[in-house]
Amino acid sequence: MTVIRSVHEDHGATFGDRGGRQVVRHFGRPARTHRAVRNGVGLIEMAYGVLTIEGDDRVSYVDNVVSNTVPTENGEGTYALVLDPQGGIETDMYVYNAGERLLLFLPPQRAEPLAEEWRGKTFIEDVEIDVATDEFAVFGLHGPKSTEKVASVLNKTGAPDQTLSFVRGSMGDAGVTVIRTDALAGEDGYEVVCAASEAEHVYDTLLNHGLNAAPFGYDSWETLTLEAGTPLFETELAGTVPNVLGLRNAVDFEKGCFVGQEVVSRVENRGRPSKRLVGLTCEALPATGAAVFDGDASAGEVTRAAETELIDQPIALALVGVDAAEAEEFTVRVDGEDVSATITELPFVEGSDRSARLPSYE
């Protein structure tokens with residue numbers, strides 16, 4: 001559930017569901033707000049499930065079960081995955097070291113199941129795992145002027161410089177944590193975390209004080225991240241082996257065996273993936289799951305597609321066979337007909353920053 005539904009309603013929001021949580025889809029005229037993000041700064045309420053991990057063994061416990069090294073210093077974070085026995089992604093998450101506890105931000109539908117699973121595996125470790133989703137509000141600021149926006153409203157400190165690092169400060173009378181994001185929209189970005197009880201005040205500050213920000217919802221988030229070439233959990237990551245997606249920033253192969261050697265061998269970055277994630281520019285808009293063909297042969301399927309004012313033709317992400325990925329031209333099945341689709345280098349749109357999830361197969 002959005003933390004500030006009545007505030008969003010006052011701004012004309014249309015709502016939808018994301019991972020079982022109610023979110024803003026748009027405030028009307030999403031194409032206009034999309035441009036506002038690309039040209040200035042936009043404000044969105046993010047939908048995360050949140051876990052808190054406390055206890056003396058909190059860092060070593062989480063480090064042992066996720067794909068990336070958990071930071072040991074207060075104020076640092078990382079992006080990591082939990083994999084199933086076949087090497088597929090069960091969930092992705094951000095892990096932040098907040099001193100006496102770790103904060104984990106993950107897809108909202110994954111918080112409760114993961115907490116239950118991990119509680120069942122804490123035998124001798126000093127670890128306490130709690131679901132804290134309802135305790136926090138998280139607001140995203142994205143766009144080339146987002147750093148200027150943060151500077152205009154954040155007191156007691158400056159904006160963090162390093163990706164996934166954070167600082168603590170205040171906005172008005174509310175205490176906040178400001179995280180520099182990994183630029184999933186292809187723009188400079190920050191997330192502002194506050195207590196749910198302070199959410200309305202913080203949102204008003206971000207929207208109306210200092211440099212103005214344009215409110216936007218998940219309809220625009222989907223197209224912004226698509227333009228940036230960012231794979232998302234719901235559409236590309238879930239169940240997929242990481243090296244298929246070129247997620248080199250998400251797996252640290254030097255940290256040891258985090259899920260069993262048989263899984264590591266499946267996702268190891270020196271292994272040759274069976275598929276690749278590619279960008280397509282299409283003559284017509286395909287649906288999610290639309291078949292992709294290389295000549296007469298099946299090559300893969302579309303994971304996500306959209307029309308955007310910044311590009312003349314519809315664009316899509318697709319998972320295709322690694323050999324087919326070397327082709328330049330495909331066809332895509334749209335309403336029972338095959339239409340032309342051209343391999344397009346990612347990102348589709350160059351913004352003020354590059355997404356850290358941009359696929360890399362070098």
# chains A, B, ... in the order shown; residues from 1 in each chain; ligands from 1
>>> residues_around(residues="Ala137 of chain A", least_positions_apart="4", cutoff="9 Å", atoms="only C-alpha atoms", output="number ranges by chain")
A: 2-4, 45-48, 133, 192-199
>>> residues_around(residues="Val59 of chain A", least_positions_apart="2", cutoff="10 Å", atoms="only C-alpha atoms", output="list in words")
Ile53, Glu54, Gly55, Asp56, Asp57, Tyr61, Val62, Asp63, Asn64, Thr69, Val70, Pro71, Thr72, Val95, Asn97, Arg101, Leu102 and Val127 of chain A
>>> residues_around(residues="segment 319-336 of chain A", least_positions_apart="5", cutoff="7 Å", atoms="only C-alpha atoms", output="PDB file with C-alpha atoms, in the first residue's frame")
ATOM      1  CA  PRO A 273      25.236 -18.017 -21.395  1.00  0.00           C
ATOM      2  CA  SER A 274      22.601 -19.733 -23.503  1.00  0.00           C
ATOM      3  CA  LYS A 275      20.707 -16.458 -24.030  1.00  0.00           C
ATOM      4  CA  ARG A 276      21.316 -12.738 -24.023  1.00  0.00           C
ATOM      5  CA  LEU A 277      19.207  -9.688 -23.276  1.00  0.00           C
ATOM      6  CA  VAL A 278      19.066  -7.404 -26.302  1.00  0.00           C
ATOM      7  CA  PRO A 286       4.757  -6.187 -29.361  1.00  0.00           C
ATOM      8  CA  ALA A 290       5.766 -12.015 -28.044  1.00  0.00           C
ATOM      9  CA  ALA A 291       7.799 -14.491 -30.084  1.00  0.00           C
ATOM     10  CA  VAL A 292      11.007 -13.305 -31.740  1.00  0.00           C
ATOM     11  CA  PHE A 293      12.209 -15.027 -34.951  1.00  0.00           C
ATOM     12  CA  ASP A 294      15.555 -15.142 -36.714  1.00  0.00           C
ATOM     13  CA  GLY A 295      14.390 -15.975 -40.205  1.00  0.00           C
ATOM     14  CA  ALA A 299      15.017 -16.925 -31.428  1.00  0.00           C
ATOM     15  CA  GLY A 300      13.407 -15.929 -28.126  1.00  0.00           C
ATOM     16  CA  GLU A 301      10.715 -13.673 -26.713  1.00  0.00           C
ATOM     17  CA  VAL A 302      10.034 -10.094 -25.738  1.00  0.00           C
ATOM     18  CA  THR A 303      10.204  -9.350 -22.009  1.00  0.00           C
ATOM     19  CA  ALA A 341      12.646  -5.649 -35.518  1.00  0.00           C
ATOM     20  CA  THR A 342      16.216  -4.358 -35.486  1.00  0.00           C
ATOM     21  CA  ILE A 343      18.888  -5.040 -32.864  1.00  0.00           C
TER      22      ILE A 343
END
>>> select_by_dssp(residues="segment 71-140 of chain A", states="helix (DSSP H, G or I)", output="PyMOL selection string")
chain A and resi 108-119+133-135
>>> closest_atom_pairs(of="segment 87-180 of chain A", to="segment 228-232 of chain A", cutoff="12 Å", atoms="only C-alpha atoms", output="CSV")
residue,atom,partner,partner_atom,distance
A:Ile89,CA,A:Leu232,CA,11.4
A:Thr91,CA,A:Leu232,CA,10.6
A:Asp92,CA,A:Leu232,CA,9.2
A:Met93,CA,A:Leu232,CA,11.3
A:Leu106,CA,A:Leu232,CA,11.5
A:Pro107,CA,A:Leu232,CA,9.9
>>> select_by_dssp(residues="segment 126-274 of chain A", states="strand (DSSP E)", output="PyMOL selection string")
chain A and resi 128-131+136-142+166-171+174-180+189-195+214-215
>>> write_last_selection(atoms="C-alpha atoms", output="PDB file, in the first residue's frame")
ATOM      1  CA  GLU A 128      17.135 -11.302  14.149  1.00  0.00           C
ATOM      2  CA  ILE A 129      15.140 -10.873  10.935  1.00  0.00           C
ATOM      3  CA  ASP A 130      12.100  -8.604  10.796  1.00  0.00           C
ATOM      4  CA  VAL A 131       9.789  -7.404   8.034  1.00  0.00           C
ATOM      5  CA  PHE A 136       9.385   3.248   6.019  1.00  0.00           C
ATOM      6  CA  ALA A 137       8.582   5.422   3.034  1.00  0.00           C
ATOM      7  CA  VAL A 138      11.001   5.585   0.104  1.00  0.00           C
ATOM      8  CA  PHE A 139      10.895   8.358  -2.494  1.00  0.00           C
ATOM      9  CA  GLY A 140      12.969   8.370  -5.670  1.00  0.00           C
ATOM     10  CA  LEU A 141      14.415  11.496  -7.296  1.00  0.00           C
ATOM     11  CA  HIS A 142      15.610  10.915 -10.858  1.00  0.00           C
ATOM     12  CA  PHE A 166      24.105   7.074   1.875  1.00  0.00           C
ATOM     13  CA  VAL A 167      24.088   9.982   4.280  1.00  0.00           C
ATOM     14  CA  ARG A 168      21.772  10.988   7.103  1.00  0.00           C
ATOM     15  CA  GLY A 169      20.329  14.468   7.388  1.00  0.00           C
ATOM     16  CA  SER A 170      17.007  16.251   7.668  1.00  0.00           C
ATOM     17  CA  MET A 171      14.344  17.848   5.509  1.00  0.00           C
ATOM     18  CA  ALA A 174      12.037  15.113   9.505  1.00  0.00           C
ATOM     19  CA  GLY A 175      15.094  12.898   9.698  1.00  0.00           C
ATOM     20  CA  VAL A 176      15.959  11.282   6.365  1.00  0.00           C
ATOM     21  CA  THR A 177      18.496   8.974   4.788  1.00  0.00           C
ATOM     22  CA  VAL A 178      19.551   9.860   1.250  1.00  0.00           C
ATOM     23  CA  ILE A 179      20.988   7.116  -0.983  1.00  0.00           C
ATOM     24  CA  ARG A 180      22.716   7.664  -4.297  1.00  0.00           C
ATOM     25  CA  GLY A 189      19.239   9.455  -8.989  1.00  0.00           C
ATOM     26  CA  TYR A 190      18.688   9.416  -5.246  1.00  0.00           C
ATOM     27  CA  GLU A 191      16.306   7.678  -2.876  1.00  0.00           C
ATOM     28  CA  VAL A 192      15.073   9.439   0.236  1.00  0.00           C
ATOM     29  CA  VAL A 193      14.105   7.141   3.103  1.00  0.00           C
ATOM     30  CA  CYS A 194      12.075   8.328   6.075  1.00  0.00           C
ATOM     31  CA  ALA A 195       9.753   7.002   8.758  1.00  0.00           C
ATOM     32  CA  ALA A 214       7.550  16.588 -11.269  1.00  0.00           C
ATOM     33  CA  PRO A 215       5.562  13.725  -9.685  1.00  0.00           C
TER      34      PRO A 215
END
>>> decode(residues="segment 201-233 of chain A", atoms="N, CA and C atoms", output="PDB file, in the first residue's frame")
ATOM      1  N   HIS A 201       5.108  14.857   5.063  1.00  0.00           N
ATOM      2  CA  HIS A 201       5.933  16.065   5.161  1.00  0.00           C
ATOM      3  C   HIS A 201       7.124  15.994   4.208  1.00  0.00           C
ATOM      4  N   VAL A 202       7.799  14.847   4.154  1.00  0.00           N
ATOM      5  CA  VAL A 202       8.973  14.702   3.297  1.00  0.00           C
ATOM      6  C   VAL A 202       8.569  14.788   1.830  1.00  0.00           C
ATOM      7  N   TYR A 203       7.457  14.160   1.461  1.00  0.00           N
ATOM      8  CA  TYR A 203       6.999  14.217   0.075  1.00  0.00           C
ATOM      9  C   TYR A 203       6.696  15.655  -0.328  1.00  0.00           C
ATOM     10  N   ASP A 204       6.029  16.398   0.538  1.00  0.00           N
ATOM     11  CA  ASP A 204       5.731  17.788   0.236  1.00  0.00           C
ATOM     12  C   ASP A 204       7.011  18.595   0.059  1.00  0.00           C
ATOM     13  N   THR A 205       8.003  18.346   0.899  1.00  0.00           N
ATOM     14  CA  THR A 205       9.288  19.042   0.776  1.00  0.00           C
ATOM     15  C   THR A 205       9.942  18.737  -0.565  1.00  0.00           C
ATOM     16  N   LEU A 206       9.940  17.459  -0.936  1.00  0.00           N
ATOM     17  CA  LEU A 206      10.582  17.061  -2.187  1.00  0.00           C
ATOM     18  C   LEU A 206       9.838  17.601  -3.399  1.00  0.00           C
ATOM     19  N   LEU A 207       8.539  17.714  -3.290  1.00  0.00           N
ATOM     20  CA  LEU A 207       7.732  18.155  -4.435  1.00  0.00           C
ATOM     21  C   LEU A 207       7.751  19.670  -4.613  1.00  0.00           C
ATOM     22  N   ASN A 208       7.700  20.402  -3.500  1.00  0.00           N
ATOM     23  CA  ASN A 208       7.399  21.831  -3.589  1.00  0.00           C
ATOM     24  C   ASN A 208       8.489  22.770  -3.078  1.00  0.00           C
ATOM     25  N   HIS A 209       9.462  22.276  -2.342  1.00  0.00           N
ATOM     26  CA  HIS A 209      10.472  23.160  -1.776  1.00  0.00           C
ATOM     27  C   HIS A 209      11.750  23.073  -2.617  1.00  0.00           C
ATOM     28  N   GLY A 210      12.552  24.136  -2.548  1.00  0.00           N
ATOM     29  CA  GLY A 210      13.771  24.151  -3.329  1.00  0.00           C
ATOM     30  C   GLY A 210      13.449  24.061  -4.814  1.00  0.00           C
ATOM     31  N   LEU A 211      14.260  23.326  -5.536  1.00  0.00           N
ATOM     32  CA  LEU A 211      13.996  23.087  -6.962  1.00  0.00           C
ATOM     33  C   LEU A 211      12.784  22.178  -7.104  1.00  0.00           C
ATOM     34  N   ASN A 212      11.801  22.589  -7.878  1.00  0.00           N
ATOM     35  CA  ASN A 212      10.583  21.796  -8.030  1.00  0.00           C
ATOM     36  C   ASN A 212      10.872  20.468  -8.717  1.00  0.00           C
ATOM     37  N   ALA A 213      10.077  19.461  -8.369  1.00  0.00           N
ATOM     38  CA  ALA A 213      10.171  18.139  -8.992  1.00  0.00           C
ATOM     39  C   ALA A 213       8.808  17.765  -9.549  1.00  0.00           C
ATOM     40  N   ALA A 214       8.800  17.030 -10.648  1.00  0.00           N
ATOM     41  CA  ALA A 214       7.550  16.588 -11.269  1.00  0.00           C
ATOM     42  C   ALA A 214       7.171  15.216 -10.717  1.00  0.00           C
ATOM     43  N   PRO A 215       5.965  15.043 -10.179  1.00  0.00           N
ATOM     44  CA  PRO A 215       5.562  13.725  -9.685  1.00  0.00           C
ATOM     45  C   PRO A 215       5.313  12.767 -10.850  1.00  0.00           C
ATOM     46  N   PHE A 216       5.761  11.533 -10.703  1.00  0.00           N
ATOM     47  CA  PHE A 216       5.486  10.528 -11.734  1.00  0.00           C
ATOM     48  C   PHE A 216       5.268   9.178 -11.082  1.00  0.00           C
ATOM     49  N   GLY A 217       4.733   8.241 -11.871  1.00  0.00           N
ATOM     50  CA  GLY A 217       4.385   6.924 -11.344  1.00  0.00           C
ATOM     51  C   GLY A 217       5.077   5.810 -12.097  1.00  0.00           C
ATOM     52  N   TYR A 218       4.618   4.598 -11.853  1.00  0.00           N
ATOM     53  CA  TYR A 218       5.314   3.427 -12.386  1.00  0.00           C
ATOM     54  C   TYR A 218       5.134   3.234 -13.884  1.00  0.00           C
ATOM     55  N   ASP A 219       4.116   3.826 -14.501  1.00  0.00           N
ATOM     56  CA  ASP A 219       4.038   3.772 -15.964  1.00  0.00           C
ATOM     57  C   ASP A 219       5.254   4.449 -16.575  1.00  0.00           C
ATOM     58  N   SER A 220       5.612   5.629 -16.056  1.00  0.00           N
ATOM     59  CA  SER A 220       6.805   6.316 -16.541  1.00  0.00           C
ATOM     60  C   SER A 220       8.075   5.588 -16.124  1.00  0.00           C
ATOM     61  N   TRP A 221       8.092   5.024 -14.915  1.00  0.00           N
ATOM     62  CA  TRP A 221       9.263   4.265 -14.463  1.00  0.00           C
ATOM     63  C   TRP A 221       9.564   3.105 -15.410  1.00  0.00           C
ATOM     64  N   GLU A 222       8.533   2.430 -15.880  1.00  0.00           N
ATOM     65  CA  GLU A 222       8.735   1.317 -16.804  1.00  0.00           C
ATOM     66  C   GLU A 222       9.393   1.786 -18.096  1.00  0.00           C
ATOM     67  N   THR A 223       8.935   2.904 -18.658  1.00  0.00           N
ATOM     68  CA  THR A 223       9.514   3.364 -19.922  1.00  0.00           C
ATOM     69  C   THR A 223      10.890   3.980 -19.714  1.00  0.00           C
ATOM     70  N   LEU A 224      11.092   4.678 -18.608  1.00  0.00           N
ATOM     71  CA  LEU A 224      12.418   5.245 -18.325  1.00  0.00           C
ATOM     72  C   LEU A 224      13.466   4.148 -18.196  1.00  0.00           C
ATOM     73  N   THR A 225      13.153   3.104 -17.450  1.00  0.00           N
ATOM     74  CA  THR A 225      14.120   2.019 -17.261  1.00  0.00           C
ATOM     75  C   THR A 225      14.297   1.201 -18.537  1.00  0.00           C
ATOM     76  N   LEU A 226      13.232   1.095 -19.341  1.00  0.00           N
ATOM     77  CA  LEU A 226      13.366   0.419 -20.630  1.00  0.00           C
ATOM     78  C   LEU A 226      14.317   1.194 -21.537  1.00  0.00           C
ATOM     79  N   GLU A 227      14.135   2.495 -21.628  1.00  0.00           N
ATOM     80  CA  GLU A 227      15.036   3.321 -22.428  1.00  0.00           C
ATOM     81  C   GLU A 227      16.481   3.203 -21.950  1.00  0.00           C
ATOM     82  N   ALA A 228      16.655   3.005 -20.638  1.00  0.00           N
ATOM     83  CA  ALA A 228      17.992   2.903 -20.054  1.00  0.00           C
ATOM     84  C   ALA A 228      18.605   1.517 -20.194  1.00  0.00           C
ATOM     85  N   GLY A 229      17.823   0.537 -20.697  1.00  0.00           N
ATOM     86  CA  GLY A 229      18.324  -0.824 -20.850  1.00  0.00           C
ATOM     87  C   GLY A 229      18.429  -1.588 -19.551  1.00  0.00           C
ATOM     88  N   THR A 230      17.596  -1.231 -18.568  1.00  0.00           N
ATOM     89  CA  THR A 230      17.662  -1.824 -17.232  1.00  0.00           C
ATOM     90  C   THR A 230      16.727  -3.016 -17.099  1.00  0.00           C
ATOM     91  N   PRO A 231      17.240  -4.222 -16.846  1.00  0.00           N
ATOM     92  CA  PRO A 231      16.355  -5.350 -16.545  1.00  0.00           C
ATOM     93  C   PRO A 231      15.754  -5.201 -15.156  1.00  0.00           C
ATOM     94  N   LEU A 232      14.456  -5.463 -15.019  1.00  0.00           N
ATOM     95  CA  LEU A 232      13.746  -5.369 -13.750  1.00  0.00           C
ATOM     96  C   LEU A 232      13.344  -6.758 -13.267  1.00  0.00           C
ATOM     97  N   PHE A 233      13.081  -6.859 -11.960  1.00  0.00           N
ATOM     98  CA  PHE A 233      12.791  -8.173 -11.383  1.00  0.00           C
ATOM     99  C   PHE A 233      11.571  -8.810 -12.019  1.00  0.00           C
TER     100      PHE A 233
END
